[in-house]
Amino acid sequence: MAMQINSHGGGAVEVSEVTFGREYNEALVHQVVTAYLATGRSGTKAQRNRSAVRGGGKKPWRQKGTGRARAGTIRSPIWVGGGRTFAAAPRSHKQKVNRKMYRGAMQVILSELVRQERFVLVDEFAIEAPKTRMLVDKLAGMNVPDCLIVLEGYDENVYLASRNLPNVSVLEASAVDPVSLLRYENVMMSVAAVRRLEEKWG
């Protein structure tokens, strides 16, 4: 099945309805985005329990006769400098999302961008030199100052020109992820990038 999307340069381009014509599924998108963000967490925080704190091998005073509470180690959790009772340990925050769910979420997000008219299709996108002003003027002329630019492959001029722009980012089609698609007001793709996504997610 095919559907048509109007290109910014004029004319309509046929795209896969499977990739760009799915109904919105909020629960699926939420689950995949949450899992994607969780996978990016380092999970490296750690604290020392009483066995990991240095020292405390000797009983600080005898068991009876001192008038003080009995104590077996100066590294007890109730002592200053002691170990933590429930110490944090390194762990993975990764959540399992199978390929079918991830592919479905990508299709849903792309379809919703088209429905909300936040998807801009261009025949190709390039600038003559790696100049930020050149890129800003081009995007302003297309009325998409805040956007994610998705190209089929690496374009050095576009990439270098976008580095100083907080509301513009450039990705290759192979590196597109759900969070990037949702982060920007608009998503601009070249026709070649769309074909790559159809092969990958169609």
# chains A, B, ... in the order shown; residues from 1 in each chain; ligands from 1
call {"tool": "residues_around", "arguments": {"residues": "A:Pro166", "least_positions_apart": "3", "cutoff": "10 Å", "atoms": "only C-alpha atoms", "output": "CSV table (one decimal) with N, CA and C atoms, in the first residue's frame"}}
result
chain,number,residue,atom,x,y,z
A,146,ASP,N,13.0,25.4,13.7
A,146,ASP,CA,13.3,24.4,14.7
A,146,ASP,C,13.0,23.0,14.1
A,147,CYS,N,14.0,22.3,13.8
A,147,CYS,CA,13.8,21.0,13.1
A,147,CYS,C,14.9,20.0,13.2
A,162,SER,N,25.3,23.2,11.4
A,162,SER,CA,24.2,23.1,12.4
A,162,SER,C,24.7,23.0,13.8
A,163,ARG,N,26.0,22.9,14.0
A,163,ARG,CA,26.5,22.6,15.4
A,163,ARG,C,26.2,23.7,16.4
A,169,SER,N,19.2,19.9,14.5
A,169,SER,CA,20.1,18.8,14.6
A,169,SER,C,20.1,18.0,13.3
call {"tool": "residues_around", "arguments": {"residues": "A:Val120", "least_positions_apart": "4", "cutoff": "9 Å", "atoms": "only C-alpha atoms", "output": "mmCIF file with N, CA and C atoms, in the first residue's frame"}}
result
data_model
loop_
_atom_site.group_PDB
_atom_site.id
_atom_site.type_symbol
_atom_site.label_atom_id
_atom_site.label_comp_id
_atom_site.auth_asym_id
_atom_site.auth_seq_id
_atom_site.Cartn_x
_atom_site.Cartn_y
_atom_site.Cartn_z
ATOM 1 N N ASN A 6 3.068 15.489 0.082
ATOM 2 C CA ASN A 6 3.509 16.614 -0.737
ATOM 3 C C ASN A 6 4.931 17.017 -0.367
ATOM 4 N N SER A 7 5.745 17.159 -1.392
ATOM 5 C CA SER A 7 7.121 17.581 -1.191
ATOM 6 C C SER A 7 7.185 19.097 -1.093
ATOM 7 N N HIS A 8 8.157 19.614 -0.319
ATOM 8 C CA HIS A 8 8.302 21.064 -0.178
ATOM 9 C C HIS A 8 8.644 21.718 -1.508
ATOM 10 N N VAL A 114 3.295 13.261 10.197
ATOM 11 C CA VAL A 114 2.638 13.595 8.933
ATOM 12 C C VAL A 114 1.252 14.167 9.199
ATOM 13 N N VAL A 144 10.964 26.553 8.765
ATOM 14 C CA VAL A 144 11.192 25.469 9.727
ATOM 15 C C VAL A 144 12.462 25.770 10.538
ATOM 16 N N ASN A 186 9.707 20.236 14.094
ATOM 17 C CA ASN A 186 9.513 19.689 12.749
ATOM 18 C C ASN A 186 10.597 18.665 12.443
ATOM 19 N N VAL A 187 10.283 17.753 11.541
ATOM 20 C CA VAL A 187 11.258 16.777 11.064
ATOM 21 C C VAL A 187 11.332 16.899 9.545
ATOM 22 N N MET A 188 12.523 17.226 9.046
ATOM 23 C CA MET A 188 12.720 17.359 7.607
ATOM 24 C C MET A 188 13.521 16.169 7.097
ATOM 25 N N MET A 189 13.028 15.550 6.042
ATOM 26 C CA MET A 189 13.718 14.392 5.472
ATOM 27 C C MET A 189 13.842 14.530 3.969
ATOM 28 N N SER A 190 14.967 14.067 3.467
ATOM 29 C CA SER A 190 15.117 13.972 2.017
ATOM 30 C C SER A 190 14.405 12.716 1.542
#
call {"tool": "closest_residue", "arguments": {"among": "A:Leu110, A:Ile149, A:Val122, A:Leu182", "to": "A:Ala12", "atoms": "only C-alpha atoms"}}
result
A:Val122
call {"tool": "select_by_dssp", "arguments": {"residues": "stretch 15-201 of chain A", "states": "strand (DSSP E or B)", "output": "VMD selection string"}}
result
chain A and resid 15 to 16 119 to 122 147 to 151 168 to 172 186 to 190
call {"tool": "select_by_dssp", "arguments": {"residues": "stretch 16-202 of chain A", "states": "alpha helix (DSSP H)", "output": "ChimeraX atom specification"}}
result
/A:17-20,26-39,99-115,132-141,156-162,178-183,191-201
call {"tool": "residues_around", "arguments": {"residues": "A:Gly82", "least_positions_apart": "6", "cutoff": "9 Å", "atoms": "only C-alpha atoms", "output": "ChimeraX atom specification"}}
result
/A:48-50,53,56,73-76
call {"tool": "atom_distance", "arguments": {"atom1": "atom CA of A:Pro178", "atom2": "atom CA of A:Tyr154"}}
result
19.6 Å
call {"tool": "atom_distance", "arguments": {"atom1": "atom CA of A:Tyr24", "atom2": "atom CA of A:Glu112"}}
result
6.5 Å
call {"tool": "atom_distance", "arguments": {"atom1": "atom CA of A:Met106", "atom2": "atom CA of A:Glu172"}}
result
15.2 Å
call {"tool": "closest_residue", "arguments": {"among": "A:Glu199, A:Glu124, A:Glu117, A:Asp177", "to": "A:Gly153", "atoms": "only C-alpha atoms"}}
result
A:Glu124
call {"tool": "closest_residue", "arguments": {"among": "A:Ala192, A:Val29, A:Val179, A:Leu148", "to": "A:Phe119", "atoms": "only C-alpha atoms"}}
result
A:Leu148
call {"tool": "closest_atom_pairs", "arguments": {"of": "stretch 74-132 of chain A", "to": "stretch 138-142 of chain A", "cutoff": "10 Å", "atoms": "only C-alpha atoms", "output": "CSV"}}
result
residue,atom,partner,partner_atom,distance
A:Val120,CA,A:Met142,CA,9.3
A:Phe125,CA,A:Lys138,CA,9.7
A:Ala126,CA,A:Lys138,CA,9.5
A:Ile127,CA,A:Lys138,CA,8.3
A:Thr132,CA,A:Lys138,CA,9.9
call {"tool": "residues_around", "arguments": {"residues": "A:Gln47", "least_positions_apart": "6", "cutoff": "10 Å", "atoms": "only C-alpha atoms", "output": "MDAnalysis selection string"}}
result
chainID A and resid 53 83:90
call {"tool": "residues_around", "arguments": {"residues": "A:Arg41", "least_positions_apart": "6", "cutoff": "9 Å", "atoms": "only C-alpha atoms", "output": "short mmCIF file (atom, residue, chain, number, x, y, z; two decimals) with N, CA and C atoms, in the first residue's frame"}}
result
data_model
loop_
_atom_site.label_atom_id
_atom_site.label_comp_id
_atom_site.auth_asym_id
_atom_site.auth_seq_id
_atom_site.Cartn_x
_atom_site.Cartn_y
_atom_site.Cartn_z
N SER A 92 21.92 -2.04 35.88
CA SER A 92 21.46 -1.67 34.54
C SER A 92 19.99 -1.26 34.60
N HIS A 93 19.68 -0.13 33.94
CA HIS A 93 18.29 0.33 33.87
C HIS A 93 17.61 -0.12 32.57
N LYS A 94 18.29 -0.96 31.82
CA LYS A 94 17.80 -1.36 30.50
C LYS A 94 16.45 -2.07 30.60
#
call {"tool": "residues_around", "arguments": {"residues": "A:Gly11", "least_positions_apart": "6", "cutoff": "10 Å", "atoms": "only C-alpha atoms", "output": "PyMOL selection string"}}
result
chain A and resi 4-5+123
call {"tool": "write_last_selection", "arguments": {"atoms": "N, CA and C atoms", "output": "PDB file, in the first residue's frame"}}
result
ATOM      1  N   GLN A   4       0.514   9.301  -0.524  1.00  0.00           N
ATOM      2  CA  GLN A   4       1.276  10.403  -1.085  1.00  0.00           C
ATOM      3  C   GLN A   4       1.498  11.500  -0.045  1.00  0.00           C
ATOM      4  N   ILE A   5       2.709  12.051  -0.049  1.00  0.00           N
ATOM      5  CA  ILE A   5       3.053  13.189   0.798  1.00  0.00           C
ATOM      6  C   ILE A   5       3.567  14.294  -0.114  1.00  0.00           C
ATOM      7  N   ASP A 123      13.158  17.042  -1.797  1.00  0.00           N
ATOM      8  CA  ASP A 123      13.839  16.169  -2.762  1.00  0.00           C
ATOM      9  C   ASP A 123      15.264  15.896  -2.316  1.00  0.00           C
TER      10      ASP A 123
END
call {"tool": "residues_around", "arguments": {"residues": "A:Met101", "least_positions_apart": "5", "cutoff": "12 Å", "atoms": "only C-alpha atoms", "output": "VMD selection string"}}
result
chain A and resid 25 27 to 33 35 to 36 96 106 to 108 178 201
call {"tool": "write_last_selection", "arguments": {"atoms": "C-alpha atoms", "output": "JSON list (two decimals), in the first residue's frame"}}
result
[["chain", "number", "residue", "atom", "x", "y", "z"],
["A", 25, "ASN", "CA", -0.79, 4.30, 19.70],
["A", 27, "ALA", "CA", 0.83, 3.42, 25.00],
["A", 28, "LEU", "CA", 3.29, 1.89, 22.53],
["A", 29, "VAL", "CA", 5.14, 5.17, 21.96],
["A", 30, "HIS", "CA", 5.35, 5.82, 25.71],
["A", 31, "GLN", "CA", 6.74, 2.35, 26.42],
["A", 32, "VAL", "CA", 9.38, 2.51, 23.68],
["A", 33, "VAL", "CA", 10.48, 6.07, 24.51],
["A", 35, "ALA", "CA", 12.78, 2.14, 27.45],
["A", 36, "TYR", "CA", 15.04, 4.11, 25.09],
["A", 96, "LYS", "CA", 13.50, -5.00, 27.05],
["A", 106, "MET", "CA", 8.82, 4.39, 14.85],
["A", 107, "GLN", "CA", 6.03, 3.93, 12.30],
["A", 108, "VAL", "CA", 3.47, 5.46, 14.68],
["A", 178, "PRO", "CA", 12.18, 7.84, 18.63],
["A", 201, "TRP", "CA", 11.04, 0.10, 9.34]]
